[in-house]
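Some notes on the structure that comes next.
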Amino acid sequence: MDGMRRYKSMFLLPGLLTLFIIIIFPLLFTIRVSFSGWNVSNPHMDFIGGANFVRMLADHRFWASILRLILLAGGTVLIEYVLGFALALMVWRNVRGQRVWRVLFLVPMMTTPVVMAAIWQTIFNESLGPVNDLLGRVGLPTVQWLTSTGPATVALMTVEIWQWTPFMFLLLLAGLLSLSKEPFMAAAIDGAGPVRTFFKVTFPLMAPVSVTALIIRLIEASKMSDSVYVLTSGGPGSSTETPGYYLYIRGLKEQQTGYAGSLSLTYLVLMIVTLTIVSRLLVRTLKTRTG
Amino acid sequence: MAQLELLDVGHCYVPGEGEDRWALKPLTVTFEAGKTYALVGPSGCGKTTLLNILSGLVSPTRGRVLFDGADMTRRSTRERNIAQVFQFPVIYTSMTVYQNLAFPLECRNWDSRRIDAKVRTVAEALGLGDRLKEPARKLNADDKQLISLGRGLVRDDVAALLMDEPLTVIDPQLKFSLRRRIREISEQFRPTVIYVTHDQYEAMSFVEELLVMKDGQVMQQGTPEELFESPRSAYVGYFIGSPSMNFLDVTQDGSGVWLAGQRLAMSWQPPAARVPAEASGAGAAQAGVLQAGIRPEYVRLASAPGPNTFPARLQAVRDHGPLRVLHVEIGGQRLALKLAREAGVPHGDTLLVELPRAKVLPYVGGQLATVVAG
């Protein structure tokens, strides 16, 4: 029996080892680092207690980035959901060129985020970009898309939404295609119009898929940083900084390894807690109302 | 209620398919207002397609659909004002029982007081009166089907009530009372009812007319009585009745019709059967062969030889509750007959069976033979 058990666990070893190397070890290392004063002038694993965490509590730039992330992620994901659902509904039923549309809608998702953000940067460019050009042509004042706080946030959200709506679209379309026809036939018989059918039949039936799609996207959006880097570099000032990008500045640019460790640990814990609560709430509000 | 007409309506699901392979071959049928019809036939014979064309869920490949003379072919399901109950329970999972039943009425903008009264009446009739507040998804399959049925019944102004094997998933106990309930409702409101079923008893028990279908065609339309007494084809004879109608191969010559070397008198004299010289194999034989058809209900046991009385060998006895079905053999051909239970099982395996002349129908090539004048 004992031999058998050992024999069986041998098969788990490769998986466990990989897990340890790519997840557990970095995590443990980060925890250890966060209690050290490791930085560019003092690259040692010393022990300074909770000093990094005390410093973090007073770091307004970090907390502002966390708050900003919550708004950015929540806002973009919500808009992505609405747009993705609309697009999915458009090509769900037999429409002309259904296949072409379906592939076309997925293109943004397949583009590398950095490349895409670079393209958008050109689009939003204040003097050369087509957006301001267009605004000028219709007689509207030009907007400082990347150098003033509000417009920069809008630009950032636009890029995120443009890139990730296809993902929502894909999940929601798959969900729609998996729905059985009968409830829709019954709704037609009962005399429900398209709007009523959507809110009373389609939307409730899609609740489980919606919850999954929203949660997956929220997890992904909580890591938002590459598009920030390319598009605004967190600017103007630090007004579009997300925690991911702020961590990059502290940890990699300024080489404050110990402090960045404590920040990332806090960021991780906060996100786990927040996302868990959010998913619970989503599941409760959407799923319990349906079968 | 309305009179529903199908004019030369046919449907194929695969575009460009030859007409002989269509799910529903072009047909013309009239369903009169206020009458109850059943569509019976094996799976895949086009019953559901026909129903869905009537309700507008399927748009026919050709032909026109008329409601009270008005062309409805291109109208939406909503405009047709049809109630349809499907084979499997369809409920709106996010709603309560009450909301489910009220849904068709809300869609038609009834005022809430009228909805409330109607929903309660129907729920009471279906025995769901005390469960109105429950979420519909929590109910079991039977009760869910009751809800689907209820949604079909709340609107009493419908053009027609279409039911696609609605009792398939209902348990047998409930089936009986539900069937009675549907019949009561159809007698009370006199809607045009079209009922699709596999179960001929279900059909016979409450419809005025049956349509027997096969391979997308209507084989025969008539009252249960007509279909039972004079099936126009061997197929209908097989399909309606249990056990199905007996068909015995007989021969005909100048002097009459012969079965197992003995003269057989039939209801009417069939036209001289063609027996093609090259007749060989089942298909060819079927083309012109003369058969005598008789319902097991009409075959009698005889105590003494007489006209149309044949010696038979008893092969098996099957218990059918109040009746027994005897399987016998006459000259190598099988025949079933029904015997009242109190008659007891006859002794010995050699019997005499009488085929009453009035009930023996001639079939040529699987079709009821025409009466020859003179």
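In the structure tokens, chains take letters A, B, ... by order of appearance, with residues numbered from 1 within each chain and ligands from 1 in the order shown.
Omitting region 3-10 of chain B and its sequence neighbours fewer than 6 positions away, and counting only C-alpha atoms, the residues within 6 Å are Leu24, Lys25, Pro26, Leu27, Thr28, Val29, Thr30, Phe31, Glu32, Ala33, Thr61, Arg62, Gly63, Arg64, Val65, Leu66, Phe67 and Asp68 of chain B.
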Return as a list in words the residues belonging to chain A that are within 9 Å of chain B, counting only C-alpha atoms.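 That gives Glu182, Pro183, Met185, Ala186, Ala187, Ala188, Ile189, Asp190, Gly191, Ala192, Gly193, Arg196, Lys200, Val201, Pro204, Leu205, Thr288, Arg289, Thr290 and Gly291 of chain A for chain A.
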Excluding same-chain residues fewer than 2 positions from Gln333 (chain B), what lies within 9 Å of it counting only C-alpha atoms, as an mmCIF file with C-alpha atoms, in the first residue's frame?
```
data_model
loop_
_atom_site.group_PDB
_atom_site.id
_atom_site.type_symbol
_atom_site.label_atom_id
_atom_site.label_comp_id
_atom_site.auth_asym_id
_atom_site.auth_seq_id
_atom_site.Cartn_x
_atom_site.Cartn_y
_atom_site.Cartn_z
ATOM 1 C CA PHE B 247 -53.848 -8.761 -43.509
ATOM 2 C CA LEU B 248 -54.048 -12.210 -45.103
ATOM 3 C CA ASP B 249 -52.818 -12.996 -48.590
ATOM 4 C CA ALA B 260 -56.113 -21.605 -47.320
ATOM 5 C CA VAL B 328 -53.391 -18.106 -34.519
ATOM 6 C CA GLU B 329 -52.246 -19.437 -37.857
ATOM 7 C CA ILE B 330 -54.454 -20.070 -40.870
ATOM 8 C CA GLY B 331 -52.748 -21.903 -43.687
ATOM 9 C CA LEU B 335 -53.870 -13.731 -37.528
#
```
Give the alpha helix (DSSP H) residues of region 151-244 of chain A, as DSSP finds them on the backbone, and put them as a count of residues only. 67
Find the spatial neighbours of Phe105 (chain A), counting only C-alpha atoms, within a cut-off of 9 Å - ignore same-chain residues fewer than 5 positions away - and output them as an MDAnalysis selection string. chainID A and resid 87 100 165:166 169:170
Requested write-out: C-alpha atoms of the selected residues, as a PDB file, in the first residue's frame:
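Dumped to again-v3.pdb:
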```pdb
ATOM      1  CA  LEU A  87     -22.151  42.221 -31.251  1.00  0.00           C
ATOM      2  CA  VAL A 100     -16.856  37.187 -41.986  1.00  0.00           C
ATOM      3  CA  THR A 165     -14.539  43.454 -26.414  1.00  0.00           C
ATOM      4  CA  PRO A 166     -13.811  40.621 -28.890  1.00  0.00           C
ATOM      5  CA  PHE A 169     -18.006  38.710 -27.825  1.00  0.00           C
ATOM      6  CA  LEU A 170     -16.442  35.291 -28.250  1.00  0.00           C
TER       7      LEU A 170
END
```
What separation in Å, quoted to one decimal, exists between CA of Asn100 (chain B) and CA of Val122 (chain B)?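 These atoms are spaced 11.9 Å apart.
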